[in-house]
2 protein chains.
Amino acid sequence: MANSQKHSLANQKTVPWLAKFLPAGHWLQNYPREHLVGDVLAGFIVAVMLVPQGMAYALLAGLPPQVGLYASILPLVIYGLLGSSRALAVGPVAIVSLLVATGIAPLAEVGSAAYLALAIVLALLVGAIQMVMGLVRLGFLVNFLSHPVLAGFTSAAALVIGFSQLKHLLGLATPRLEFLETVGYTAVHLQETNLTTLAIGGVSILILVYFKAGLGQQLKRWRVPAGWVLPITKSAPLVIVVLGTALVWGLGLNEQAGVAIVGDVPAGLPPLTLPLVDLAVWQKLLPTALVISFVGYMESIAVAKSLASKRRQKVGANQELLALGAANLGAMFTGGFPVTGGFSRSVVNFDAGANSGLASIITAVLIALTVIFLTPIFYFLPQAVLAAIVMVAVAGLVDVKTFRHVWQYNKADAASFVVTFFAVLAVGVENGILLGVGVAMLLFIWRSSRPHVAVVGRLGDSEIYRNVLRHKVQCWPNVVAVRIDESLYFANSKFLEDTVLGVIADQPEIDHFVLIGTAVNFIDASALETLESLARQLKDAGVQLHLAAIKGPVLDRLRDIGFVDHLGEQFFHLTTHDAMKAIGVVGE
Amino acid sequence: MANSQKHSLANQKTVPWLAKFLPAGHWLQNYPREHLVGDVLAGFIVAVMLVPQGMAYALLAGLPPQVGLYASILPLVIYGLLGSSRALAVGPVAIVSLLVATGIAPLAEVGSAAYLALAIVLALLVGAIQMVMGLVRLGFLVNFLSHPVLAGFTSAAALVIGFSQLKHLLGLATPRLEFLETVGYTAVHLQETNLTTLAIGGVSILILVYFKAGLGQQLKRWRVPAGWVLPITKSAPLVIVVLGTALVWGLGLNEQAGVAIVGDVPAGLPPLTLPLVDLAVWQKLLPTALVISFVGYMESIAVAKSLASKRRQKVGANQELLALGAANLGAMFTGGFPVTGGFSRSVVNFDAGANSGLASIITAVLIALTVIFLTPIFYFLPQAVLAAIVMVAVAGLVDVKTFRHVWQYNKADAASFVVTFFAVLAVGVENGILLGVGVAMLLFIWRSSRPHVAVVGRLGDSEIYRNVLRHKVQCWPNVVAVRIDESLYFANSKFLEDTVLGVIADQPEIDHFVLIGTAVNFIDASALETLESLARQLKDAGVQLHLAAIKGPVLDRLRDIGFVDHLGEQFFHLTTHDAMKAIGVVGE
């Protein structure tokens with residue numbers, strides 16, 4: 001039994017080699033016919049959402065709209081073949097687009113060829129980082145982004161994105177600014193608002209919200225067949241694109257009322273592109289690329305896992321890194337910019353019945369047809385419509401619910417949420433998230449530097465020893481048993497010393513001090529030194545130090561370094577009860 | 001009993017108010033006559049050491065020699081009255097002097113009035129930081145400096161100091177450079193060595209080493225009274241100062257052979273000084289001041305504690321911060337630079353019999369007499385003699401023994417030693433120690449992100465459950481009990497999920513999963529979310545999740561947030577054995 005369990009813990013992953021690196025191998029070889037309807041429908045609905053979103057997120061990133069479409073073709077095909085999630089919809093997403101803009105804007109002018117070249121370099125770097133992390137199995141690194149930090153970051157980034165779009169919605173000429181400056185600039189120039197633009201944007205937002213919130217119920221009341229509800233409700237972006245474009249074209253609002261339009265979008269498949277090879281530039285973009293790689297992967301794996309668990313499927317963390325990395329390299333080769341798995345489109349993909357990577361591939365084909373044949377109709381598309389799409393998409397990212405839950409549970413976690421949130425607004429998205437990660441780590445160390453300490457006593461006639469403050473237990477005047485609920489290491493070794501010496505100093509009748517190690521998962525060199533000096537000091541004070549219930553791996557190290565011999569083998573006990581028996585206060 | 005123990009843990013510090021803030025109150029009111037001999041002798045010997053050391057460390061800091069003497073008067077009186085250690089000898093020390101030079105050199109020219117003004121500002125900032133830390137009881141913050149990081153820092157700083165003194169020993173005109181540049185410059189210009197200077201310095205080193213190593217034995221063999229041995233062996237710096245000065249003066253070596261001398265040292269008590277008030281300057285010096293405050297305090301408290309424990313006395317961490325802070329403010333008012341408790345002089349003070357702060361005050365009086373009457377005789381003092389004093393003093397700081405011990409015990413701790421050591425040499429003392437602290441924290445988080453996991457079984461017929469790999473224990477096919485030896489938090493919550501799901505996926509016969517919390521000291525919001533999703537996923541897979549031996553404080557939080565109700569009160573068990581009884585695999 002023991003062996004079989006060891007075995008099972010070690011060999012969690014025994015999938016054949018091919019399926020491991022090409023998850024599409026499964027469905028390419030035996031595609032079940034009954035999956036086709038779901039895949040086609042999902043692919044179609046996601047394409048309808050992705051055309052306007054892709055263009056909108058490209059503009060958010062400071063890039064021409066067609067770049068968003070280019071990034072929605074080859075990357076989707078690649079993810080469809082390599083991804084381990086069956087429902088993840090890859091492509092441009094809001095937060096990654098914001099990070100792209102933040103990283104590139106200081107290095108090149110928005111709209112210039114250099115700016116686009118940097119976006120392609122960023123796709124290369126993100127792709128390379130993610131693939132390397134997947135290959136050397138560094139997926140666990142993203143665990144350093146705690147949940148509250150990510151939620152705080154996402155909420156603040158959503159605000160930053162929302163405010164960055166206000167200029168399109170109001171028709172202002174706000175330059176690219178930091179968040180606080182953007183708020184200030186907008187407030188000062190509010191009277192310059194182009195009312196026609198605002199009307200188009202405002203109505204677009206109302207339509208989007210209505211399609212999201214009320215339309216589903218209405219359609220049911222109208223007895224529209226259930227299969228039609230999802231395609232209709234998710235077509236809102238398409239509806240406002242068509243309406244907005246028609247309105248501007250029909251009334252000549254771009255010239256008559258100064259409504260900003262998208263303008264020329266070149267037709268044809270994406271060009272083949274190669275990244276700029278300039279190590280100095282690569283180095284400058286590396287921090288941004290690292291943040292995008294981590295944040296993009298976190299967003300993606302979170303939604304992939306949550307969708308997979310609903311159908312009892314699995315996603316592999318490292319396979320996802322490989323697939324996303326390859327998708328980004330695909331974006332690099334086809335004039336795109338960094339992509340990842342987006343939350344809202346993935347949920348729609350799942351709900352519409354996506355059963356395999358085929359859905360992604362169908363989406364890609366539809367986007368390709370769009371860039372070949374339909375780009376001329378985007379000429380009169382008002383930018384306010386795209387801004388409305390972005391603003392409604394990110395509104396859902398402001399995560400008040402998580403904050404409330406975390407606040408209620410744990411103030412330290414809430415603090416890391418709050419710090420990240422305000423840091424992102426005050427010092428920018430990249431520095432903000434780095435600060436958040438640092439604060440989360442410091443809080444963790446701070447927490448373990450003042451551990452919970454329990455003086456324990458015997459529970460009735462049992463072999464169980466519990467906190468004297470929480471349980472009615474038996475104690476003895478000449479023995480004290482103390483459990484320190486933390487690994488012993490540099491940040492709490494002085495605390496350990498003060499605690500032990502404090503107990504001894506205040507109770508002169510004590511002859512035996514039992515330190516209980518059930519919660520001590522390791523003892524570092526600083527704490528070892530403290531233990532050595534404690535043993536010496538207690539001995540001088542006429543108190544014998546005992547160690548009880550020290551864990552195997554910890555005990556091995558203490559033995560190797562000679563501390564067990566130094567203190568005396570007979571003062572190490574398997575349990576607290578054994579220690580008490582050895583001291584003689586309880587019977588055999 | 002339970003209550004009395006709680007009481008004793010809580011009230012460790014019940015000293016009267018006055019004695020708490022003015023430890024000298026004790027001995028000022030009832031000074032025992034028999035203490036006088038020890039205090040006078042100790043005060044005298046320390047003064048004999050401190051005169052040349054003070055001047056040498058001032059030169060190391062880039063300051064005129066008298067500044068080192070100024071910093072050895074008022075600060076010592078203040079520490080004598082406020083310090084809680086009875087044997088600590090405060091004054092200029094090598095590593096703090098190095099940090100002063102590193103912090104100020106980029107901002108002002110060595111030897112200029114501005115340079116001295118900045119040193120005084122540094123004394124102000126260090127004094128203020130230490131006093132504030134003492135008042136708001138932030139002494140625990142220094143615990144973030146782990147022992148290996150401090151040892152690595154000290155060892156490297158000793159090398160940096162040693163090499164910085166080579167120019168005085170060889171009579172080279174090496175400019176102030178980074179460590180690696182200094183090594184390179186010295187190697188290239190070695191043939192320019194002033195041989196007379198080298199001879200004076202070399203002989204000085206030999207005398208210092210002989211007094212330190214061999215002379216004590218020799219004196220015993222010569223039957224010199226035991227009471228004389230310490231004063232004689234510790235007079236080595238004085239001996240070489242006298243010999244070196246006489247030699248240069250007698251032979252005119254400064255003009256004949258180009259031996260660099262100290263030159264004019266103004267006579268008279270230190271001037272009253274006030275710091276430059278310039279917030280921009282203060283801000284620039286703040287990082288240096290923080291490093292000096294921490295490192296100075298660490299060096300000081302370590303030696304104070306080790307000496308106090310030899311005589312079963314106590315030192316108070318926060319009182320020491322207050323006293324050192326006040327001493328630095330004293331240095332600020334009297335034209336000095338930052339001071340702290342030094343290792344070697346404190347040990348001598350202790351060995352010579354210092355019984356109270358009176359020893360410090362006697363030292364201060366002797367130094368004051370020196371600056372009033374004796375400074376003219378330092379004119380011909382060769383700088384090579386002072387360099388020899390510094391080099392021999394820091395040679396003992398290269399801590400190979402600690403490194404060997406730490407390496408043998410724990411490779412991660414050894415890594416933080418090595419990183420700090422080389423970082424100090426490569427990127428400078430301040431960045432080096434910050435990098436070391438960062439690495440130590442990251443290693444701690446990394447270690448706890450992949451915790452030790454044990455599948456446990458029942459030990460014989462006992463209520464004890466231990467690792468199946470280490471003990472011969474009983475298991476059951478439909479139950480698995482897993483102990484995760486770490487608090488559950490963001491950095492290991494994915495690890496937890498993978499571990500639990502991996503065990504379940506590989507053993508379809510499992511109906512009950514018991515997660516044992518003996519080593520779980522807290523569960524943060526990220527891990528709580530993981531537990532919630534695990535409970536859901538296990539339920540879907542037909543497996544019941546049980547939690548056993550969750551600690552009181554952790555359980556309280558899980559209850560408050562509703563997780564206990566969510567999972568079901570009946571699936572929480574006091575011990576693993578209780579869980580097994582509830583599941584029904586063991587009898588009552």
# chains A, B, ... in the order shown; residues from 1 in each chain; ligands from 1
>>> interface_residues(of="chain B", to="chain A", cutoff="6 Å", atoms="only C-alpha atoms", output="list of chain:residue names")
B:Ala2, B:Ser8, B:Leu9, B:Gln12, B:Asn143, B:Phe144, B:Ser146, B:His147, B:Tyr409, B:Val468, B:Asp485, B:Phe490, B:Ala491, B:Gly502, B:Val503, B:Asp506, B:Ala519, B:Asn521, B:Ser526, B:Ile561
>>> residues_around(residues="Gln544 (chain B)", least_positions_apart="6", cutoff="8 Å", atoms="only C-alpha atoms", output="list in words")
Asp511, His512, Phe513, Ala535 and Leu538 of chain B
>>> select_by_dssp(residues="region 210-245 of chain B", states="helix (DSSP H, G or I)", output="ChimeraX atom specification")
/B:210-213,215-221,226-233,236-245
>>> residues_around(residues="Leu107 (chain A)", least_positions_apart="5", cutoff="10 Å", atoms="only C-alpha atoms", output="list in words")
Thr102, Ala114, Tyr115, Leu118, Val281, Lys284 and Leu285 of chain A
>>> write_last_selection(atoms="C-alpha atoms", output="mmCIF file, in the first residue's frame")
data_model
loop_
_atom_site.group_PDB
_atom_site.id
_atom_site.type_symbol
_atom_site.label_atom_id
_atom_site.label_comp_id
_atom_site.auth_asym_id
_atom_site.auth_seq_id
_atom_site.Cartn_x
_atom_site.Cartn_y
_atom_site.Cartn_z
ATOM 1 C CA THR A 102 2.684 51.097 -21.907
ATOM 2 C CA ALA A 114 8.901 51.869 -35.605
ATOM 3 C CA TYR A 115 5.992 51.452 -33.179
ATOM 4 C CA LEU A 118 8.373 47.120 -31.618
ATOM 5 C CA VAL A 281 15.769 47.243 -28.208
ATOM 6 C CA LYS A 284 14.473 47.596 -23.303
ATOM 7 C CA LEU A 285 11.331 45.621 -24.075
#
>>> atom_distance(atom1="CA of Val385 (chain B)", atom2="CA of Ala105 (chain B)")
23.6 Å
>>> residues_around(residues="Thr186 (chain B)", least_positions_apart="4", cutoff="10 Å", atoms="only C-alpha atoms", output="PyMOL selection string")
chain B and resi 163-164+166-167+170+172-174+180-182+190-193
>>> residues_around(residues="region 260-268 of chain B", least_positions_apart="3", cutoff="6 Å", atoms="only C-alpha atoms", output="list in words")
Val371, Ile372, Thr375, Tyr379, Phe380, Leu381, Pro382 and Gln383 of chain B
>>> atom_distance(atom1="CA of Leu434 (chain B)", atom2="CA of Leu159 (chain B)")
18.1 Å
>>> residues_around(residues="region 75-89 of chain B", least_positions_apart="6", cutoff="8 Å", atoms="only C-alpha atoms", output="NGL selection string")
:B and (21-25 or 46 or 300 or 303-305 or 307-308 or 314-316 or 319-320 or 322-324 or 326-331 or 339 or 341-342 or 345-347 or 349-350 or 354-361 or 363-364)
>>> atom_distance(atom1="CA of Val437 (chain A)", atom2="CA of Val419 (chain A)")
9.8 Å
>>> closest_residue(among="B:Ala289, B:Ala423, B:Leu219, B:Leu386", to="Gly54 (chain B)", atoms="only C-alpha atoms")
B:Leu386
>>> select_by_dssp(residues="region 539-571 of chain A", states="strand (DSSP E)", output="CSV table (one decimal) with N, CA and C atoms, in the first residue's frame")
chain,number,residue,atom,x,y,z
A,544,GLN,N,16.5,21.6,30.9
A,544,GLN,CA,16.8,20.7,29.9
A,544,GLN,C,15.9,21.0,28.7
A,545,LEU,N,16.5,21.1,27.5
A,545,LEU,CA,15.7,21.3,26.3
A,545,LEU,C,15.4,20.0,25.7
A,546,HIS,N,14.1,19.8,25.3
A,546,HIS,CA,13.7,18.6,24.6
A,546,HIS,C,13.1,19.0,23.3
A,547,LEU,N,13.3,18.2,22.2
A,547,LEU,CA,12.6,18.5,21.0
A,547,LEU,C,11.7,17.3,20.7
A,548,ALA,N,10.4,17.6,20.4
A,548,ALA,CA,9.4,16.6,20.2
A,548,ALA,C,8.8,16.7,18.8
>>> residues_around(residues="Lys234 (chain B)", least_positions_apart="5", cutoff="9 Å", atoms="only C-alpha atoms", output="PDB file with C-alpha atoms, in the first residue's frame")
ATOM      1  CA  ILE B  45      42.642  49.799  27.564  1.00  0.00           C
ATOM      2  CA  VAL B  46      39.793  50.593  25.195  1.00  0.00           C
ATOM      3  CA  VAL B  48      44.500  52.973  24.056  1.00  0.00           C
ATOM      4  CA  MET B  49      42.967  50.943  21.203  1.00  0.00           C
ATOM      5  CA  PHE B 211      50.774  40.800  19.861  1.00  0.00           C
ATOM      6  CA  LYS B 212      47.502  39.148  18.902  1.00  0.00           C
ATOM      7  CA  VAL B 229      48.721  40.351  29.961  1.00  0.00           C
ATOM      8  CA  VAL B 348      38.414  43.681  25.134  1.00  0.00           C
TER       9      VAL B 348
END
>>> closest_residue(among="A:Ser416, A:Thr288, A:Gln218, A:Thr340", to="Gly152 (chain A)", atoms="only C-alpha atoms")
A:Ser416
>>> closest_residue(among="A:Ile232, A:Lys539, A:Val482, A:Val37", to="Leu208 (chain A)", atoms="only C-alpha atoms")
A:Ile232
>>> decode(residues="region 130-181 of chain A", atoms="C-alpha atoms", output="PDB file, in the first residue's frame")
ATOM      1  CA  GLN A 130       6.432  31.496 -22.752  1.00  0.00           C
ATOM      2  CA  MET A 131       7.839  28.637 -24.837  1.00  0.00           C
ATOM      3  CA  VAL A 132      11.038  28.469 -22.779  1.00  0.00           C
ATOM      4  CA  MET A 133       9.030  28.550 -19.556  1.00  0.00           C
ATOM      5  CA  GLY A 134       6.894  25.722 -20.914  1.00  0.00           C
ATOM      6  CA  LEU A 135       9.856  23.649 -22.084  1.00  0.00           C
ATOM      7  CA  VAL A 136      11.853  23.931 -18.867  1.00  0.00           C
ATOM      8  CA  ARG A 137       8.641  23.535 -16.854  1.00  0.00           C
ATOM      9  CA  LEU A 138       8.780  26.935 -15.187  1.00  0.00           C
ATOM     10  CA  GLY A 139       5.011  27.236 -15.225  1.00  0.00           C
ATOM     11  CA  PHE A 140       5.071  27.201 -11.431  1.00  0.00           C
ATOM     12  CA  LEU A 141       6.761  30.631 -11.474  1.00  0.00           C
ATOM     13  CA  VAL A 142       3.446  32.292 -12.150  1.00  0.00           C
ATOM     14  CA  ASN A 143       2.340  31.111  -8.710  1.00  0.00           C
ATOM     15  CA  PHE A 144       4.229  34.080  -7.315  1.00  0.00           C
ATOM     16  CA  LEU A 145       1.361  36.202  -8.603  1.00  0.00           C
ATOM     17  CA  SER A 146      -1.082  35.798  -5.754  1.00  0.00           C
ATOM     18  CA  HIS A 147      -4.802  35.865  -6.396  1.00  0.00           C
ATOM     19  CA  PRO A 148      -5.437  39.212  -4.612  1.00  0.00           C
ATOM     20  CA  VAL A 149      -2.509  40.839  -6.422  1.00  0.00           C
ATOM     21  CA  LEU A 150      -3.835  39.670  -9.780  1.00  0.00           C
ATOM     22  CA  ALA A 151      -7.356  40.796  -8.918  1.00  0.00           C
ATOM     23  CA  GLY A 152      -6.106  44.201  -7.745  1.00  0.00           C
ATOM     24  CA  PHE A 153      -4.033  44.544 -10.877  1.00  0.00           C
ATOM     25  CA  THR A 154      -6.882  43.575 -13.186  1.00  0.00           C
ATOM     26  CA  SER A 155      -9.332  45.934 -11.495  1.00  0.00           C
ATOM     27  CA  ALA A 156      -6.957  48.891 -11.710  1.00  0.00           C
ATOM     28  CA  ALA A 157      -5.913  48.048 -15.274  1.00  0.00           C
ATOM     29  CA  ALA A 158      -9.598  48.005 -16.240  1.00  0.00           C
ATOM     30  CA  LEU A 159      -9.952  51.528 -14.860  1.00  0.00           C
ATOM     31  CA  VAL A 160      -6.839  52.655 -16.715  1.00  0.00           C
ATOM     32  CA  ILE A 161      -8.175  51.162 -19.954  1.00  0.00           C
ATOM     33  CA  GLY A 162     -11.622  52.631 -19.431  1.00  0.00           C
ATOM     34  CA  PHE A 163     -10.244  56.130 -18.920  1.00  0.00           C
ATOM     35  CA  SER A 164      -7.880  55.765 -21.870  1.00  0.00           C
ATOM     36  CA  GLN A 165     -10.942  55.205 -24.071  1.00  0.00           C
ATOM     37  CA  LEU A 166     -12.820  58.244 -22.787  1.00  0.00           C
ATOM     38  CA  LYS A 167     -11.135  60.443 -25.403  1.00  0.00           C
ATOM     39  CA  HIS A 168     -12.639  58.376 -28.223  1.00  0.00           C
ATOM     40  CA  LEU A 169     -16.024  58.369 -26.541  1.00  0.00           C
ATOM     41  CA  LEU A 170     -15.986  62.142 -25.989  1.00  0.00           C
ATOM     42  CA  GLY A 171     -14.140  63.002 -29.171  1.00  0.00           C
ATOM     43  CA  LEU A 172     -11.299  64.706 -27.251  1.00  0.00           C
ATOM     44  CA  ALA A 173      -7.714  64.986 -28.473  1.00  0.00           C
ATOM     45  CA  THR A 174      -6.243  63.718 -25.191  1.00  0.00           C
ATOM     46  CA  PRO A 175      -2.584  62.784 -25.694  1.00  0.00           C
ATOM     47  CA  ARG A 176      -1.249  59.511 -24.249  1.00  0.00           C
ATOM     48  CA  LEU A 177      -0.829  60.205 -20.528  1.00  0.00           C
ATOM     49  CA  GLU A 178      -0.474  58.433 -17.209  1.00  0.00           C
ATOM     50  CA  PHE A 179      -3.758  57.491 -15.555  1.00  0.00           C
ATOM     51  CA  LEU A 180      -3.966  60.411 -13.136  1.00  0.00           C
ATOM     52  CA  GLU A 181      -2.983  62.902 -15.835  1.00  0.00           C
TER      53      GLU A 181
END
